[in-house]
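Okay, so here's the structure we're looking at.
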Amino acid sequence: MKVISVVGTRPNFIKEFFIHNELKDRGIEEILVHTGQHYDYEMSKVFFEDFNIARPDYHFENSSLSSIQQVANIMIYMEDVLKKEKADCTLIYGDVNSTLAAAIASAKFRIPVVHVEGGIRSSSLYNPEEINRRVSDHLSTLIFACTRTDYENLLKENFTKDRIVLSGDIMKDVILYMVKKDNIGVKRGDYSVVTIHREENVESEERLTHIISGLTKSNEKIIFPVHPRTKQKLEKYGLIDTVIKNSKIEIKEPQSYREFVKLLAGANKVITDSGGVRREGYILKKPVIVLIDITWFPEILEAGWKVIVDADSARIVDAIRNFEPPKTHPEIFGDGYAYKRIVDNLIDRFGDL
Ligand code: UD1
Ligand code: UDP
């Protein structure tokens with residue numbers, strides 16, 4: 001059995017590398033393709049170091065392109081890989097442009113596509129991640145859903161049960177592993193962590209200005225590892241000085257996974273527009289404040305651990321100061337063994353008879 005895994009961005013690396021090590025442990029051949037979508041040291045290589053992975057088998061050049069150029073380029077790269085490697089399936093992760101491009105190329109090549117983290121849906125049709133997910137799911141032979149809601153979303157779209165597996169969420173597997181391995185203490189400390197990078201927030205001067213205004217007006221201690229796209233936009237909109245000069249806000253480079261998990265583990269609250277960070281915040285029992293009005297993982301909202309404040313500065317201030325979740329904390333993201341279930345299913349489906 002031979003698997004091609006395609007990764008391109010920070011959240012892909014974290015999820016894939018855990019699967020990568022499991023495939024290796026079980027003696028399954030994997031060809032690792034890095035599309036080059038993320039390329040700064042802090043957004044890419046650092047994760048190879050975190051997970052002790054030498055280098056990808058293919059690593060393409062793809063920096064700073066538009067979405068459409070990125071998808072087109074990656075499809076062309078993938079054609080060569082697919083032709084040469086003749087794999088049994090292509091593994092794709094999440095909802096980024098690399099995911100979509102690899103799904104289209106692989107399906108065109110009649111190599112079965114396997115989508116890890118499928119079935120997430122929102123009503124925002126033109127959200128970039130929504131486009132990528134919907135198309136990737138529909139081109140996939142096998143889809144692993146993180147949560148029951150994601151699984152049911154696929155049933156509602158008439159996916160047959162032989163195409164979908166409720167695996168649980170690898171992000172949970174990985175974060176629990178990291179906390180245990182590095183003996184990281186989880187407590188509600190005296191600062192909150194913020195991450196911002198969604199296109200809807202950073203490409204809009206108005207929204208980013210309101211968000212920064214909410215953070216500064218809260219007058220609470222905040223640690224802010226800044227995504228490179230967000231840094232560029234803070235500079236462009238003239239907001240960077242406001243952040244740097246604010247004594248309560250500490251900005252940092254994007255962190256390695258290990259360092260970021262330490263930050264999360266010690267945080268009082270998590271303020272984010274990220275799909276992954278909101279789940280990690282919940283898993284580590286942090287109140288989660290969401291800076292975009294898209295309800296991915298409605299289960300966290302229903303459990304009372306997430307408040308959606310969008311880019312409304314007054315609501316951001318109020319949530320940072322006052323939002324508290326209930327005492328109950330239901331299990332949403334599986335049992336910490338999604339990665340094993342994924343590899344078991346790959347072997348069942350594509351392994352030698
Ligand atoms: C992408 C994904 C998003 C995911 C995020 C994870 C898409 C459509 N978006 O968003 O779903 O949540 O990754 O972090 O695939 N840049 C750098 N250095 C880097 C990477 C990016 O400077 O290493 C800058 C470049 O100016 C680049 C811009 O950020 O053009 C946007 O990068 P891109 O990968 O297109 O989107 P993200 O915002 O990172
Ligand atoms: N992350 C990290 N360093 C950081 C910020 C985030 O390692 O400085 C990790 C985080 O723990 C999570 C993943 O990156 O596992 C989330 O990626 P991101 O927020 O960029 O993308 P999304 O999940 O929204 O697609």
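Chain labels run A, B, ... following the order of the structure tokens; each chain numbers its residues from 1, and ligands are numbered from 1 in the order shown.
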Give me, as a tab-separated table, each residue of chain A that comes within 8 Å of ligand 2, together with its shortest interatomic pair and the distance in Å at one decimal, counting only C-alpha atoms and all ligand atoms, with rows ordered by chain and rising residue number.
residue	atom	partner	partner_atom_place_in_ligand_line	distance
A:Thr9	CA	ligand 2	20 (O)	7.5
A:Arg10	CA	ligand 2	17 (O)	5.5
A:Pro11	CA	ligand 2	17 (O)	4.3
A:Asn12	CA	ligand 2	25 (O)	8.0
A:Ile14	CA	ligand 2	15 (O)	6.1
A:Lys15	CA	ligand 2	15 (O)	7.8
A:Met43	CA	ligand 2	3 (N)	7.8
A:Phe47	CA	ligand 2	7 (O)	7.6
A:Gly94	CA	ligand 2	25 (O)	7.3
A:Asp95	CA	ligand 2	25 (O)	7.1
A:Val96	CA	ligand 2	25 (O)	7.2
A:Met171	CA	ligand 2	15 (O)	6.5
A:Ile175	CA	ligand 2	15 (O)	7.7
A:Thr195	CA	ligand 2	5 (C)	6.7
A:Ile196	CA	ligand 2	19 (O)	7.6
A:His197	CA	ligand 2	20 (O)	7.1
A:Arg198	CA	ligand 2	24 (O)	7.2
A:Pro225	CA	ligand 2	8 (O)	5.1
A:Val226	CA	ligand 2	8 (O)	6.9
A:His227	CA	ligand 2	8 (O)	7.0
A:Glu253	CA	ligand 2	8 (O)	7.0
A:Pro254	CA	ligand 2	8 (O)	3.7
A:Gln255	CA	ligand 2	8 (O)	3.7
A:Ser256	CA	ligand 2	7 (O)	4.8
A:Tyr257	CA	ligand 2	7 (O)	3.4
A:Arg258	CA	ligand 2	7 (O)	6.9
A:Glu259	CA	ligand 2	7 (O)	7.3
A:Phe260	CA	ligand 2	3 (N)	4.9
A:Val261	CA	ligand 2	11 (O)	5.9
A:Asp273	CA	ligand 2	24 (O)	6.8
A:Ser274	CA	ligand 2	24 (O)	3.4
A:Gly275	CA	ligand 2	24 (O)	3.9
A:Gly276	CA	ligand 2	23 (O)	3.3
A:Val277	CA	ligand 2	12 (C)	5.2
A:Glu280	CA	ligand 2	11 (O)	6.9
What would the file look like if the residues just selected were written as a compact mmCIF listing (two decimals), in the first residue's frame with N, CA, C and O atoms?
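After the write, selection_39.txt holds the following:
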# COMPACT_ATOMS: atom_id res chain seq x y z
N THR A 9 0.01 23.91 4.60
CA THR A 9 -0.12 25.01 5.58
C THR A 9 0.07 24.49 7.00
O THR A 9 -0.03 23.28 7.26
N ARG A 10 0.25 25.44 7.90
CA ARG A 10 0.50 25.13 9.32
C ARG A 10 -0.45 24.07 9.89
O ARG A 10 0.04 23.05 10.43
N PRO A 11 -1.77 24.26 9.77
CA PRO A 11 -2.63 23.23 10.39
C PRO A 11 -2.51 21.87 9.70
O PRO A 11 -2.69 20.83 10.35
N ASN A 12 -2.20 21.86 8.40
CA ASN A 12 -2.01 20.56 7.71
C ASN A 12 -0.83 19.82 8.31
O ASN A 12 -0.89 18.62 8.54
N ILE A 14 0.55 19.91 11.21
CA ILE A 14 0.34 19.37 12.57
C ILE A 14 -0.48 18.09 12.52
O ILE A 14 -0.15 17.10 13.17
N LYS A 15 -1.53 18.09 11.70
CA LYS A 15 -2.38 16.89 11.62
C LYS A 15 -1.67 15.77 10.89
O LYS A 15 -1.67 14.62 11.32
N MET A 43 6.27 29.23 9.76
CA MET A 43 4.98 28.70 9.28
C MET A 43 5.13 27.32 8.67
O MET A 43 4.15 26.70 8.26
N PHE A 47 7.63 23.13 12.06
CA PHE A 47 6.75 22.00 12.40
C PHE A 47 7.42 20.66 12.06
O PHE A 47 7.19 19.67 12.73
N GLY A 94 -8.10 18.96 5.93
CA GLY A 94 -8.73 20.24 6.23
C GLY A 94 -9.32 20.94 5.02
O GLY A 94 -9.98 20.31 4.18
N ASP A 95 -9.04 22.23 4.90
CA ASP A 95 -9.84 23.06 4.00
C ASP A 95 -9.05 24.17 3.33
O ASP A 95 -9.58 25.22 3.02
N VAL A 96 -7.77 23.92 3.09
CA VAL A 96 -6.96 25.00 2.51
C VAL A 96 -6.86 24.81 0.99
O VAL A 96 -7.29 23.79 0.45
N MET A 171 -6.65 16.78 15.78
CA MET A 171 -6.10 17.91 16.55
C MET A 171 -6.14 17.60 18.03
O MET A 171 -5.25 18.00 18.78
N ILE A 175 -2.84 17.39 20.41
CA ILE A 175 -2.63 18.32 21.54
C ILE A 175 -2.52 17.54 22.86
O ILE A 175 -1.68 17.86 23.71
N THR A 195 -5.33 34.80 18.26
CA THR A 195 -4.81 34.60 16.90
C THR A 195 -5.87 35.10 15.92
O THR A 195 -7.07 34.93 16.15
N ILE A 196 -5.37 35.75 14.86
CA ILE A 196 -6.26 36.30 13.83
C ILE A 196 -5.61 36.04 12.47
O ILE A 196 -4.43 36.34 12.30
N HIS A 197 -6.33 35.44 11.55
CA HIS A 197 -5.77 35.35 10.19
C HIS A 197 -6.82 35.16 9.10
O HIS A 197 -6.50 35.15 7.93
N ARG A 198 -8.10 35.01 9.49
CA ARG A 198 -9.11 34.74 8.46
C ARG A 198 -9.15 35.87 7.45
O ARG A 198 -9.09 37.05 7.81
N PRO A 225 0.51 35.92 18.98
CA PRO A 225 1.43 35.48 17.94
C PRO A 225 0.82 35.83 16.59
O PRO A 225 -0.29 35.41 16.28
N VAL A 226 1.55 36.61 15.79
CA VAL A 226 0.93 37.22 14.62
C VAL A 226 1.25 36.44 13.33
O VAL A 226 2.42 36.27 12.97
N HIS A 227 0.22 35.99 12.66
CA HIS A 227 0.32 35.32 11.35
C HIS A 227 0.93 36.33 10.37
O HIS A 227 0.60 37.52 10.43
N GLU A 253 6.26 36.43 17.13
CA GLU A 253 6.29 35.73 15.83
C GLU A 253 5.33 34.54 15.94
O GLU A 253 5.03 34.09 17.05
N PRO A 254 4.91 33.98 14.79
CA PRO A 254 4.15 32.72 14.87
C PRO A 254 5.00 31.71 15.65
O PRO A 254 6.21 31.64 15.47
N GLN A 255 4.36 30.97 16.51
CA GLN A 255 5.09 30.06 17.41
C GLN A 255 5.19 28.66 16.85
O GLN A 255 4.32 28.22 16.08
N SER A 256 6.20 27.94 17.28
CA SER A 256 6.25 26.50 16.98
C SER A 256 5.04 25.87 17.66
O SER A 256 4.44 26.47 18.57
N TYR A 257 4.68 24.67 17.24
CA TYR A 257 3.51 24.02 17.85
C TYR A 257 3.73 23.83 19.35
O TYR A 257 2.87 24.13 20.17
N ARG A 258 4.92 23.36 19.67
CA ARG A 258 5.24 23.09 21.09
C ARG A 258 5.05 24.36 21.93
O ARG A 258 4.40 24.33 22.97
N GLU A 259 5.60 25.47 21.45
CA GLU A 259 5.51 26.73 22.21
C GLU A 259 4.08 27.24 22.23
O GLU A 259 3.62 27.79 23.23
N PHE A 260 3.36 27.05 21.13
CA PHE A 260 1.99 27.55 21.08
C PHE A 260 1.09 26.76 22.04
O PHE A 260 0.25 27.35 22.72
N VAL A 261 1.31 25.47 22.11
CA VAL A 261 0.50 24.67 23.05
C VAL A 261 0.77 25.13 24.49
O VAL A 261 -0.15 25.22 25.31
N ASP A 273 -9.99 33.60 15.44
CA ASP A 273 -10.88 33.32 14.31
C ASP A 273 -10.46 32.01 13.65
O ASP A 273 -10.96 31.65 12.59
N SER A 274 -9.54 31.30 14.25
CA SER A 274 -9.01 30.05 13.68
C SER A 274 -9.98 28.89 13.90
O SER A 274 -10.63 28.80 14.95
N GLY A 275 -10.01 28.00 12.89
CA GLY A 275 -10.81 26.79 13.05
C GLY A 275 -10.18 25.83 14.04
O GLY A 275 -10.86 25.21 14.85
N GLY A 276 -8.84 25.72 13.98
CA GLY A 276 -8.14 24.78 14.85
C GLY A 276 -8.00 25.29 16.28
O GLY A 276 -8.22 24.53 17.24
N VAL A 277 -7.66 26.56 16.41
CA VAL A 277 -7.36 27.08 17.75
C VAL A 277 -8.63 27.09 18.63
O VAL A 277 -8.56 26.85 19.83
N GLU A 280 -8.82 23.60 19.98
CA GLU A 280 -7.78 23.36 20.98
C GLU A 280 -8.10 24.08 22.28
O GLU A 280 -7.88 23.55 23.37
Need the shell around A:Lys83: protein/DNA/RNA residues with any atom at most 12 Å away, counting only C-alpha atoms. Skip same-chain ones fewer than 4 positions apart. Format as a ChimeraX atom specification? /A:4,76-79,87,105-106,108-111
Selected residues written out, N, CA and C atoms, as a CSV table (one decimal), in the first residue's frame:
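This went into again_15.csv:
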chain,number,residue,atom,x,y,z
A,4,ILE,N,-0.1,8.9,-0.9
A,4,ILE,CA,0.5,10.2,-1.0
A,4,ILE,C,-0.2,11.2,-0.1
A,76,ILE,N,-0.9,21.5,-11.1
A,76,ILE,CA,0.1,21.1,-12.1
A,76,ILE,C,1.2,20.3,-11.5
A,77,TYR,N,1.7,20.8,-10.3
A,77,TYR,CA,2.7,20.0,-9.6
A,77,TYR,C,2.2,18.6,-9.3
A,78,MET,N,1.0,18.5,-8.9
A,78,MET,CA,0.5,17.2,-8.4
A,78,MET,C,0.4,16.2,-9.6
A,79,GLU,N,0.2,16.8,-10.8
A,79,GLU,CA,0.1,15.9,-12.0
A,79,GLU,C,1.4,15.0,-12.1
A,87,ALA,N,0.2,5.9,-6.6
A,87,ALA,CA,-0.2,5.5,-5.2
A,87,ALA,C,-1.6,4.9,-5.2
A,105,ALA,N,-6.8,17.3,-8.6
A,105,ALA,CA,-5.8,16.6,-9.4
A,105,ALA,C,-5.9,15.1,-9.2
A,106,SER,N,-6.0,14.6,-8.0
A,106,SER,CA,-6.0,13.2,-7.7
A,106,SER,C,-7.3,12.5,-8.4
A,108,LYS,N,-9.0,13.6,-10.9
A,108,LYS,CA,-8.8,13.6,-12.4
A,108,LYS,C,-7.9,12.4,-12.8
A,109,PHE,N,-7.0,12.0,-11.9
A,109,PHE,CA,-6.1,10.9,-12.2
A,109,PHE,C,-6.7,9.6,-11.8
A,110,ARG,N,-7.9,9.6,-11.3
A,110,ARG,CA,-8.6,8.4,-10.8
A,110,ARG,C,-7.8,7.7,-9.7
A,111,ILE,N,-7.1,8.5,-8.9
A,111,ILE,CA,-6.6,8.0,-7.6
A,111,ILE,C,-7.5,8.4,-6.5
Interatomic distance between atom CA of A:Asn219 and atom CA of A:Asp241? 16.4 Å
Backbone DSSP call of alpha helix (DSSP H) for stretch 72-209 of chain A, listed as a ChimeraX atom specification: /A:72-85,97-108,128-138,148-156,170-181,199-202,205-209
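Here atom CA of A:Arg133 and atom CA of A:Leu176 stand 25.7 Å from one another.
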Write out as a PDB file with N, CA, C and O atoms, in the first residue's frame the residues lying within 12 Å of A:Glu205, counting only C-alpha atoms and excluding same-chain residues fewer than 6 positions away.
ATOM      1  N   GLU A 199      -9.287  35.470   6.182  1.00  0.00           N
ATOM      2  CA  GLU A 199      -9.350  36.451   5.096  1.00  0.00           C
ATOM      3  C   GLU A 199     -10.398  37.532   5.388  1.00  0.00           C
ATOM      4  O   GLU A 199     -10.167  38.723   5.190  1.00  0.00           O
ATOM      5  N   ILE A 211     -11.402  44.905  15.645  1.00  0.00           N
ATOM      6  CA  ILE A 211     -10.868  43.820  16.494  1.00  0.00           C
ATOM      7  C   ILE A 211      -9.737  44.357  17.378  1.00  0.00           C
ATOM      8  O   ILE A 211      -9.722  44.138  18.591  1.00  0.00           O
ATOM      9  N   ILE A 212      -8.810  45.090  16.742  1.00  0.00           N
ATOM     10  CA  ILE A 212      -7.672  45.626  17.514  1.00  0.00           C
ATOM     11  C   ILE A 212      -8.191  46.593  18.583  1.00  0.00           C
ATOM     12  O   ILE A 212      -7.728  46.592  19.731  1.00  0.00           O
ATOM     13  N   SER A 213      -9.206  47.362  18.230  1.00  0.00           N
ATOM     14  CA  SER A 213      -9.779  48.297  19.203  1.00  0.00           C
ATOM     15  C   SER A 213     -10.362  47.527  20.407  1.00  0.00           C
ATOM     16  O   SER A 213     -10.149  47.903  21.562  1.00  0.00           O
ATOM     17  N   THR A 230      -1.445  38.687   8.671  1.00  0.00           N
ATOM     18  CA  THR A 230      -2.019  39.676   9.592  1.00  0.00           C
ATOM     19  C   THR A 230      -1.006  40.788   9.850  1.00  0.00           C
ATOM     20  O   THR A 230      -1.360  41.970   9.906  1.00  0.00           O
ATOM     21  N   GLN A 232       1.319  41.831   7.837  1.00  0.00           N
ATOM     22  CA  GLN A 232       1.346  42.724   6.652  1.00  0.00           C
ATOM     23  C   GLN A 232       0.179  43.709   6.688  1.00  0.00           C
ATOM     24  O   GLN A 232       0.320  44.882   6.376  1.00  0.00           O
ATOM     25  N   LYS A 233      -0.990  43.199   7.068  1.00  0.00           N
ATOM     26  CA  LYS A 233      -2.182  44.064   7.028  1.00  0.00           C
ATOM     27  C   LYS A 233      -2.183  45.063   8.187  1.00  0.00           C
ATOM     28  O   LYS A 233      -2.614  46.204   8.019  1.00  0.00           O
ATOM     29  N   LEU A 234      -1.677  44.654   9.350  1.00  0.00           N
ATOM     30  CA  LEU A 234      -1.583  45.610  10.471  1.00  0.00           C
ATOM     31  C   LEU A 234      -0.680  46.772  10.065  1.00  0.00           C
ATOM     32  O   LEU A 234      -0.952  47.933  10.383  1.00  0.00           O
ATOM     33  N   GLU A 235       0.392  46.437   9.325  1.00  0.00           N
ATOM     34  CA  GLU A 235       1.308  47.486   8.857  1.00  0.00           C
ATOM     35  C   GLU A 235       0.617  48.364   7.819  1.00  0.00           C
ATOM     36  O   GLU A 235       0.625  49.590   7.914  1.00  0.00           O
ATOM     37  N   LYS A 236      -0.033  47.704   6.877  1.00  0.00           N
ATOM     38  CA  LYS A 236      -0.685  48.452   5.785  1.00  0.00           C
ATOM     39  C   LYS A 236      -1.760  49.412   6.309  1.00  0.00           C
ATOM     40  O   LYS A 236      -1.892  50.536   5.832  1.00  0.00           O
ATOM     41  N   TYR A 237      -2.536  48.941   7.290  1.00  0.00           N
ATOM     42  CA  TYR A 237      -3.641  49.776   7.793  1.00  0.00           C
ATOM     43  C   TYR A 237      -3.174  50.745   8.893  1.00  0.00           C
ATOM     44  O   TYR A 237      -3.991  51.412   9.528  1.00  0.00           O
ATOM     45  N   GLY A 238      -1.871  50.758   9.183  1.00  0.00           N
ATOM     46  CA  GLY A 238      -1.349  51.667  10.203  1.00  0.00           C
ATOM     47  C   GLY A 238      -1.785  51.294  11.610  1.00  0.00           C
ATOM     48  O   GLY A 238      -1.921  52.159  12.484  1.00  0.00           O
ATOM     49  N   LEU A 239      -2.012  49.997  11.856  1.00  0.00           N
ATOM     50  CA  LEU A 239      -2.479  49.574  13.194  1.00  0.00           C
ATOM     51  C   LEU A 239      -1.348  48.995  14.040  1.00  0.00           C
ATOM     52  O   LEU A 239      -1.493  48.812  15.249  1.00  0.00           O
ATOM     53  N   ALA A 311     -16.546  40.943  14.738  1.00  0.00           N
ATOM     54  CA  ALA A 311     -15.526  41.998  14.827  1.00  0.00           C
ATOM     55  C   ALA A 311     -16.106  43.206  15.555  1.00  0.00           C
ATOM     56  O   ALA A 311     -15.831  44.357  15.200  1.00  0.00           O
TER      57      ALA A 311
END
Given only C-alpha atoms as the basis, pick out the residue of A:Asp335, A:Glu16, A:Asp25, A:Glu220 nearest to A:His115.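 Closest residue, counting only C-alpha atoms: A:Glu16.
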Write out as a Markdown table a residue-level contact list of stretch 241-334 of chain A versus stretch 141-161 of chain A with cut-off 9 Å: for each qualifying residue the closest pair of atoms and the distance in Å to one decimal, counting only C-alpha atoms, rows sorted by chain and residue number upward.
| residue | atom | partner | partner_atom | distance |
| --- | --- | --- | --- | --- |
| A:Phe297 | CA | A:Thr149 | CA | 7.7 |
| A:Pro298 | CA | A:Thr149 | CA | 8.1 |
| A:Glu299 | CA | A:Thr149 | CA | 7.8 |
| A:Ile332 | CA | A:Thr147 | CA | 6.4 |
| A:Phe333 | CA | A:Thr147 | CA | 5.7 |
| A:Gly334 | CA | A:Thr147 | CA | 7.2 |
With only C-alpha atoms counted and 12 Å as the cut-off, give the residues of stretch 294-334 of chain A in contact with stretch 181-194 of chain A, each with its shortest interatomic distance in Å and the pair that gives it, as CSV.
residue,atom,partner,partner_atom,distance
A:Ile316,CA,A:Val194,CA,11.5
A:Ala319,CA,A:Ser192,CA,11.4
A:Ile320,CA,A:Ser192,CA,8.2
A:Arg321,CA,A:Ser192,CA,10.5
A:Glu324,CA,A:Arg188,CA,11.9
What does the structure give for the distance between atom CA of A:Pro56 and atom CA of A:Ile31, in Å to one decimal? 7.7 Å
If we count only C-alpha atoms, what is near A:Ile251 at a cut-off of 9 Å, once residues fewer than 3 positions away on the same chain are taken out, given as a ChimeraX atom specification? /A:222-226,243-244
